[in-house]
file run33.cif (mmCIF, C-alpha atoms)
data_entry
#
loop_
_atom_site.group_PDB
_atom_site.id
_atom_site.type_symbol
_atom_site.label_atom_id
_atom_site.label_comp_id
_atom_site.auth_asym_id
_atom_site.auth_seq_id
_atom_site.Cartn_x
_atom_site.Cartn_y
_atom_site.Cartn_z
ATOM 1 C CA THR A 923 84.357 81.191 169.170
ATOM 2 C CA GLU A 924 84.338 79.083 172.292
ATOM 3 C CA LEU A 925 81.206 78.760 174.425
ATOM 4 C CA SER A 926 81.405 79.861 177.999
ATOM 5 C CA ALA A 927 80.547 77.277 180.671
ATOM 6 C CA GLN A 928 77.237 79.073 181.243
ATOM 7 C CA GLU A 929 76.333 79.026 177.531
ATOM 8 C CA GLY A 930 77.317 75.362 177.283
ATOM 9 C CA GLN A 931 75.125 74.496 180.267
ATOM 10 C CA ALA A 932 72.199 76.421 178.757
ATOM 11 C CA LEU A 933 72.498 74.436 175.496
ATOM 12 C CA ILE A 934 72.652 71.151 177.420
ATOM 13 C CA THR A 935 69.503 72.133 179.337
ATOM 14 C CA VAL A 936 67.644 72.932 176.096
ATOM 15 C CA ALA A 937 68.758 69.602 174.579
ATOM 16 C CA MET A 938 67.639 67.691 177.698
ATOM 17 C CA ASN A 939 64.238 69.413 177.691
ATOM 18 C CA ASN A 940 63.768 68.630 173.997
ATOM 19 C CA ALA A 941 64.735 64.988 174.567
ATOM 20 C CA GLN A 942 62.284 64.685 177.478
ATOM 21 C CA HIS A 943 59.509 66.235 175.384
ATOM 22 C CA MET A 944 60.229 63.849 172.494
ATOM 23 C CA SER A 945 60.234 60.879 174.874
ATOM 24 C CA ARG A 946 56.859 61.941 176.317
ATOM 25 C CA LEU A 947 55.450 62.438 172.816
ATOM 26 C CA ILE A 948 56.526 58.925 171.781
ATOM 27 C CA GLU A 949 54.978 57.489 174.982
ATOM 28 C CA GLN A 950 51.707 59.276 174.207
ATOM 29 C CA LEU A 951 51.685 58.062 170.586
ATOM 30 C CA PHE A 952 52.172 54.469 171.749
ATOM 31 C CA GLU A 953 49.452 54.894 174.391
ATOM 32 C CA LEU A 954 46.978 56.293 171.855
ATOM 33 C CA ALA A 955 47.771 53.477 169.391
ATOM 34 C CA HIS A 956 47.234 50.905 172.183
ATOM 35 C CA LEU A 957 43.931 52.479 173.262
ATOM 36 C CA ASP A 958 42.726 52.542 169.644
ATOM 37 C CA ALA A 959 43.364 48.805 169.160
ATOM 38 C CA ASP A 960 40.202 46.783 168.472
ATOM 39 C CA ASP A 961 40.766 44.270 171.269
ATOM 40 C CA VAL A 962 41.621 46.715 174.088
ATOM 41 C CA SER A 963 39.624 46.403 177.303
ATOM 42 C CA LEU A 964 40.118 48.009 180.687
ATOM 43 C CA HIS A 965 40.115 46.241 184.034
ATOM 44 C CA LYS A 966 37.524 48.054 186.148
ATOM 45 C CA GLU A 967 37.094 48.165 189.914
ATOM 46 C CA PRO A 968 35.406 50.455 192.465
ATOM 47 C CA VAL A 969 37.230 53.814 192.531
ATOM 48 C CA ALA A 970 36.712 56.498 195.200
ATOM 49 C CA ILE A 971 36.599 59.205 192.554
ATOM 50 C CA ALA A 972 36.721 62.278 194.832
ATOM 51 C CA GLU A 973 39.732 60.830 196.675
ATOM 52 C CA LEU A 974 41.445 60.082 193.362
ATOM 53 C CA ALA A 975 40.848 63.678 192.257
ATOM 54 C CA GLN A 976 42.310 64.896 195.555
ATOM 55 C CA ASP A 977 45.436 62.760 194.975
ATOM 56 C CA VAL A 978 45.878 64.230 191.489
ATOM 57 C CA ILE A 979 45.434 67.751 192.876
ATOM 58 C CA GLN A 980 48.189 67.112 195.428
ATOM 59 C CA LYS A 981 50.551 66.130 192.602
ATOM 60 C CA LEU A 982 49.763 69.307 190.642
ATOM 61 C CA MET A 983 49.471 71.677 193.605
ATOM 62 C CA LEU A 984 52.989 73.134 193.323
ATOM 63 C CA LYS A 985 52.542 73.894 189.621
ATOM 64 C CA ALA A 986 49.175 75.553 190.357
ATOM 65 C CA GLN A 987 50.557 77.590 193.279
ATOM 66 C CA GLU A 988 53.393 78.889 191.098
ATOM 67 C CA LYS A 989 50.723 80.387 188.797
ATOM 68 C CA GLY A 990 48.452 81.538 191.633
ATOM 69 C CA VAL A 991 45.700 79.062 190.644
ATOM 70 C CA SER A 992 43.590 77.368 193.337
ATOM 71 C CA LEU A 993 42.569 73.694 193.073
ATOM 72 C CA ASP A 994 39.669 71.995 194.866
ATOM 73 C CA VAL A 995 37.347 68.961 194.872
ATOM 74 C CA GLU A 996 33.624 69.139 195.695
ATOM 75 C CA PRO A 997 32.334 67.241 197.586
ATOM 76 C CA LYS A 998 35.241 65.590 199.411
ATOM 77 C CA ASP A 999 33.227 62.412 199.846
ATOM 78 C CA PRO A 1000 35.123 59.068 199.962
ATOM 79 C CA SER A 1001 31.854 57.133 199.601
ATOM 80 C CA LEU A 1002 31.393 58.238 195.969
ATOM 81 C CA LEU A 1003 32.436 55.010 194.236
ATOM 82 C CA ALA A 1004 32.633 54.746 190.458
ATOM 83 C CA LEU A 1005 33.362 51.664 188.382
ATOM 84 C CA GLY A 1006 36.526 52.339 186.452
ATOM 85 C CA ASN A 1007 40.208 51.786 185.811
ATOM 86 C CA ILE A 1008 41.993 53.777 188.505
ATOM 87 C CA GLU A 1009 45.250 54.230 186.568
ATOM 88 C CA LYS A 1010 43.514 55.468 183.398
ATOM 89 C CA LEU A 1011 41.102 57.726 185.289
ATOM 90 C CA GLU A 1012 44.059 59.242 187.140
ATOM 91 C CA SER A 1013 45.611 59.975 183.730
ATOM 92 C CA VAL A 1014 42.395 61.691 182.538
ATOM 93 C CA LEU A 1015 42.077 63.848 185.679
ATOM 94 C CA CYS A 1016 45.776 64.716 185.569
ATOM 95 C CA ASN A 1017 45.496 65.793 181.936
ATOM 96 C CA LEU A 1018 42.318 67.842 182.390
ATOM 97 C CA ILE A 1019 43.567 69.638 185.516
ATOM 98 C CA ASP A 1020 47.014 70.239 183.998
ATOM 99 C CA ASN A 1021 45.317 71.661 180.881
ATOM 100 C CA GLY A 1022 43.267 73.935 183.107
ATOM 101 C CA ILE A 1023 46.359 75.211 184.911
ATOM 102 C CA ARG A 1024 47.974 76.034 181.560
ATOM 103 C CA HIS A 1025 44.983 78.152 180.541
ATOM 104 C CA CYS A 1026 44.541 79.884 183.898
ATOM 105 C CA GLN A 1027 46.164 82.997 185.328
ATOM 106 C CA ASN A 1028 46.822 84.306 188.819
ATOM 107 C CA GLY A 1029 43.555 84.313 190.783
ATOM 108 C CA ASP A 1030 41.806 81.663 188.670
ATOM 109 C CA SER A 1031 40.448 78.413 190.089
ATOM 110 C CA ILE A 1032 39.930 74.807 189.010
ATOM 111 C CA THR A 1033 37.313 72.628 190.708
ATOM 112 C CA VAL A 1034 36.660 68.925 190.263
ATOM 113 C CA ASN A 1035 32.954 68.473 190.901
ATOM 114 C CA VAL A 1036 31.357 65.040 191.445
ATOM 115 C CA THR A 1037 27.561 64.789 191.271
ATOM 116 C CA GLN A 1038 25.345 61.737 191.710
ATOM 117 C CA GLN A 1039 22.873 60.666 189.054
ATOM 118 C CA GLN A 1040 20.569 57.648 189.343
ATOM 119 C CA GLU A 1041 22.984 55.080 187.905
ATOM 120 C CA ALA A 1042 26.116 57.147 187.409
ATOM 121 C CA LEU A 1043 28.477 59.757 188.792
ATOM 122 C CA THR A 1044 29.172 62.861 186.712
ATOM 123 C CA VAL A 1045 32.726 64.171 187.033
ATOM 124 C CA SER A 1046 33.361 67.750 185.887
ATOM 125 C CA VAL A 1047 36.635 69.672 185.774
ATOM 126 C CA ILE A 1048 35.683 73.356 185.805
ATOM 127 C CA ASP A 1049 38.146 76.216 185.392
ATOM 128 C CA THR A 1050 37.793 80.003 185.325
ATOM 129 C CA GLY A 1051 40.579 80.368 182.753
ATOM 130 C CA SER A 1052 40.851 81.806 179.255
ATOM 131 C CA GLY A 1053 38.199 79.588 177.667
ATOM 132 C CA ILE A 1054 38.314 77.989 174.224
ATOM 133 C CA PRO A 1055 37.295 79.813 171.024
ATOM 134 C CA GLU A 1056 33.975 78.476 169.717
ATOM 135 C CA GLN A 1057 35.465 77.616 166.321
ATOM 136 C CA ASP A 1058 38.095 75.409 168.017
ATOM 137 C CA LEU A 1059 35.700 73.357 170.181
ATOM 138 C CA PRO A 1060 34.874 70.687 167.548
ATOM 139 C CA PHE A 1061 38.568 69.922 167.061
ATOM 140 C CA ILE A 1062 40.143 69.955 170.538
ATOM 141 C CA PHE A 1063 40.023 66.155 170.922
ATOM 142 C CA ASN A 1064 41.910 65.643 167.643
ATOM 143 C CA ALA A 1065 45.469 64.467 168.158
ATOM 144 C CA HIS A 1066 47.974 67.314 167.657
ATOM 145 C CA PHE A 1067 45.343 70.046 167.445
ATOM 146 C CA ARG A 1068 46.529 73.255 169.136
ATOM 147 C CA ALA A 1069 43.699 75.604 169.989
ATOM 148 C CA SER A 1070 44.262 79.229 169.053
ATOM 149 C CA ASN A 1071 44.168 80.071 172.786
ATOM 150 C CA SER A 1072 47.251 77.911 173.409
ATOM 151 C CA ILE A 1073 49.737 79.644 175.621
ATOM 152 C CA LYS A 1074 53.030 79.346 173.790
ATOM 153 C CA GLU A 1075 54.983 77.065 176.099
ATOM 154 C CA LYS A 1076 57.908 75.521 174.269
ATOM 155 C CA GLY A 1077 56.912 71.956 173.498
ATOM 156 C CA ALA A 1078 54.842 71.656 176.649
ATOM 157 C CA ASN A 1079 51.661 70.452 174.994
ATOM 158 C CA SER A 1080 51.547 68.028 172.092
ATOM 159 C CA GLY A 1081 47.759 68.061 171.854
ATOM 160 C CA LEU A 1082 47.673 64.287 172.403
ATOM 161 C CA GLY A 1083 46.515 64.456 176.017
ATOM 162 C CA LEU A 1084 42.886 65.310 175.230
ATOM 163 C CA ALA A 1085 42.745 62.664 172.476
ATOM 164 C CA ILE A 1086 43.993 60.045 174.969
ATOM 165 C CA SER A 1087 41.556 61.240 177.659
ATOM 166 C CA LYS A 1088 38.621 61.075 175.227
ATOM 167 C CA ARG A 1089 39.509 57.509 174.243
ATOM 168 C CA ILE A 1090 39.869 56.399 177.887
ATOM 169 C CA ILE A 1091 36.403 57.748 178.719
ATOM 170 C CA GLU A 1092 34.980 56.023 175.611
ATOM 171 C CA LEU A 1093 36.441 52.742 176.905
ATOM 172 C CA HIS A 1094 34.465 53.406 180.107
ATOM 173 C CA GLY A 1095 31.310 53.528 177.960
ATOM 174 C CA CYS A 1096 30.826 57.295 177.991
ATOM 175 C CA GLU A 1097 31.731 60.536 176.231
ATOM 176 C CA LEU A 1098 34.082 63.297 177.329
ATOM 177 C CA SER A 1099 32.186 66.527 176.679
ATOM 178 C CA VAL A 1100 33.290 70.159 176.799
ATOM 179 C CA ASN A 1101 31.567 73.492 177.342
ATOM 180 C CA SER A 1102 33.521 76.724 177.163
ATOM 181 C CA VAL A 1103 33.054 80.475 176.974
ATOM 182 C CA LEU A 1104 35.983 82.533 175.750
ATOM 183 C CA GLY A 1105 37.333 84.675 178.591
ATOM 184 C CA GLN A 1106 35.184 82.941 181.219
ATOM 185 C CA GLY A 1107 36.375 79.355 181.494
ATOM 186 C CA THR A 1108 35.945 75.741 180.458
ATOM 187 C CA GLN A 1109 34.164 72.661 181.775
ATOM 188 C CA PHE A 1110 35.053 69.085 180.812
ATOM 189 C CA SER A 1111 32.569 66.421 181.965
ATOM 190 C CA PHE A 1112 32.103 62.651 181.806
ATOM 191 C CA ASN A 1113 29.910 60.014 183.453
ATOM 192 C CA LEU A 1114 31.034 56.830 185.179
ATOM 193 C CA ASP A 1115 28.834 53.949 186.278
ATOM 194 C CA LYS A 1116 28.336 53.740 190.022
ATOM 195 C CA ALA A 1117 30.197 50.858 191.621
#
call {"tool": "encode", "arguments": {"input": "run33.cif", "output": "structure tokens"}}
result
Amino acid sequence: TELSAQEGQALITVAMNNAQHMSRLIEQLFELAHLDADDVSLHKEPVAIAELAQDVIQKLMLKAQEKGVSLDVEPKDPSLLALGNIEKLESVLCNLIDNGIRHCQNGDSITVNVTQQQEALTVSVIDTGSGIPEQDLPFIFNAHFRASNSIKEKGANSGLGLAISKRIIELHGCELSVNSVLGQGTQFSFNLDKA
């Protein structure tokens, strides 16, 4: 039986989406391998962390609006300068906020909160989404781990993003920590040295 033009187009779209997902997966595997190399070091410079978070939010705003999820940064203070690699920190924020959007529903919110400590800035990404089951928390930074709360989006999440984010924060001399309550939300936090 011959495929109609519509059916043919649908198959092409599926193939393209699969190819894009595979390409992204390969990119992430190479990135993780690079970050895990013994001699890797990051170029660090002063980063206006609240402004960077605002830039990331702008990129993800359409995706969030489509799900009815609100995004915000507190405080919106350009003087909050952290010492870090701007490109890698953008990747971490993008991953954490995108993760939050995936586990949020209409009416939920995601806030990037920046608080000053004596020598450091604490950056927290806080969502009011589905939360992570307690038994999954020890494993969520493992490459390819899919938490049992994963929303079944076809190939949308390889599980590598959190592993990459954890490694980037380690290369900044800190830990990426998580607190979560099932049905109430999740908070990812990390410290950065003040610039």
call {"tool": "residues_around", "arguments": {"input": "run33.cif", "residues": "range 996-1003 of chain A", "least_positions_apart": "6", "cutoff": "10 Å", "atoms": "all atoms listed in the file", "output": "PDB file with C-alpha atoms, keeping the file's coordinate frame"}}
result
ATOM      1  CA  GLU A 967      37.094  48.165 189.914  1.00  0.00           C
ATOM      2  CA  PRO A 968      35.406  50.455 192.465  1.00  0.00           C
ATOM      3  CA  VAL A 969      37.230  53.814 192.531  1.00  0.00           C
ATOM      4  CA  ALA A 970      36.712  56.498 195.200  1.00  0.00           C
ATOM      5  CA  ILE A 971      36.599  59.205 192.554  1.00  0.00           C
ATOM      6  CA  ALA A 972      36.721  62.278 194.832  1.00  0.00           C
ATOM      7  CA  GLU A 973      39.732  60.830 196.675  1.00  0.00           C
ATOM      8  CA  LEU A 974      41.445  60.082 193.362  1.00  0.00           C
ATOM      9  CA  ALA A 975      40.848  63.678 192.257  1.00  0.00           C
ATOM     10  CA  GLN A 976      42.310  64.896 195.555  1.00  0.00           C
ATOM     11  CA  THR A1033      37.313  72.628 190.708  1.00  0.00           C
ATOM     12  CA  VAL A1034      36.660  68.925 190.263  1.00  0.00           C
ATOM     13  CA  ASN A1035      32.954  68.473 190.901  1.00  0.00           C
ATOM     14  CA  VAL A1036      31.357  65.040 191.445  1.00  0.00           C
ATOM     15  CA  THR A1037      27.561  64.789 191.271  1.00  0.00           C
ATOM     16  CA  GLN A1038      25.345  61.737 191.710  1.00  0.00           C
ATOM     17  CA  ALA A1042      26.116  57.147 187.409  1.00  0.00           C
ATOM     18  CA  LEU A1043      28.477  59.757 188.792  1.00  0.00           C
ATOM     19  CA  SER A1046      33.361  67.750 185.887  1.00  0.00           C
ATOM     20  CA  LEU A1114      31.034  56.830 185.179  1.00  0.00           C
ATOM     21  CA  ASP A1115      28.834  53.949 186.278  1.00  0.00           C
ATOM     22  CA  LYS A1116      28.336  53.740 190.022  1.00  0.00           C
ATOM     23  CA  ALA A1117      30.197  50.858 191.621  1.00  0.00           C
TER      24      ALA A1117
END
call {"tool": "resolve_selection", "arguments": {"input": "run33.cif", "expression": "the PyMOL selection byres ((chain A and resi 1111) around 8)", "output": "PyMOL selection string"}}
result
chain A and resi 1044-1047+1098-1100+1109-1110+1112-1113
call {"tool": "atom_distance", "arguments": {"input": "run33.cif", "atom1": "CA of Leu957 in chain A", "atom2": "CA of Ile1090 in chain A"}}
result
7.3 Å
call {"tool": "atom_distance", "arguments": {"input": "run33.cif", "atom1": "CA of Thr1108 in chain A", "atom2": "CA of Ser1052 in chain A"}}
result
7.9 Å
call {"tool": "atom_distance", "arguments": {"input": "run33.cif", "atom1": "CA of Ser1013 in chain A", "atom2": "CA of Val936 in chain A"}}
result
26.7 Å
call {"tool": "closest_residue", "arguments": {"input": "run33.cif", "among": "A:His1094, A:Ser1102, A:Lys1088, A:Leu1015", "to": "Ile1054 in chain A", "atoms": "all atoms listed in the file"}}
result
A:Ser1102
call {"tool": "residues_around", "arguments": {"input": "run33.cif", "residues": "Ile1086 in chain A", "least_positions_apart": "3", "cutoff": "6 Å", "atoms": "only C-alpha atoms", "output": "NGL selection string"}}
result
:A and (954 or 1083 or 1089)
call {"tool": "write_last_selection", "arguments": {"input": "run33.cif", "atoms": "C-alpha atoms", "output": "CSV table (one decimal), keeping the file's coordinate frame"}}
result
chain,number,residue,atom,x,y,z
A,954,LEU,CA,47.0,56.3,171.9
A,1083,GLY,CA,46.5,64.5,176.0
A,1089,ARG,CA,39.5,57.5,174.2
call {"tool": "resolve_selection", "arguments": {"input": "run33.cif", "expression": "the PyMOL selection byres ((chain A and resi 1059) around 12)", "output": "number ranges by chain"}}
result
A: 1053-1058, 1060-1064, 1067-1071, 1084, 1099-1104, 1108-1110
call {"tool": "closest_residue", "arguments": {"input": "run33.cif", "among": "A:Asn1007, A:Thr1050, A:Gln1040, A:Thr935", "to": "Ile1019 in chain A", "atoms": "all atoms listed in the file"}}
result
A:Thr1050
call {"tool": "residues_near_point", "arguments": {"input": "run33.cif", "point": "(44.7, 61.6, 186.1)", "cutoff": "10 Å", "atoms": "only C-alpha atoms", "output": "VMD selection string"}}
result
chain A and resid 974 to 975 977 to 979 981 1008 to 1020 1087
call {"tool": "axis_aligned_box", "arguments": {"input": "run33.cif", "around": "range 1047-1065 of chain A", "padding_each_side": "8 Å", "output": "JSON"}}
result
{"center_x": 39.7, "center_y": 73.1, "center_z": 176.1, "size_x": 27.5, "size_y": 33.3, "size_z": 35.5}
call {"tool": "closest_residue", "arguments": {"input": "run33.cif", "among": "A:Ile1048, A:Ile948, A:Ala955, A:Met938", "to": "Asp994 in chain A", "atoms": "only C-alpha atoms"}}
result
A:Ile1048
call {"tool": "closest_residue", "arguments": {"input": "run33.cif", "among": "A:Leu933, A:Leu951, A:Val991, A:Met944", "to": "Ala1085 in chain A", "atoms": "all atoms listed in the file"}}
result
A:Leu951
call {"tool": "closest_residue", "arguments": {"input": "run33.cif", "among": "A:Asn1028, A:Ile1023, A:Leu925, A:Ala1004", "to": "Glu1041 in chain A", "atoms": "only C-alpha atoms"}}
result
A:Ala1004
call {"tool": "closest_residue", "arguments": {"input": "run33.cif", "among": "A:Gly1006, A:Gly930, A:Gly1022, A:Gly1095", "to": "Ala986 in chain A", "atoms": "only C-alpha atoms"}}
result
A:Gly1022
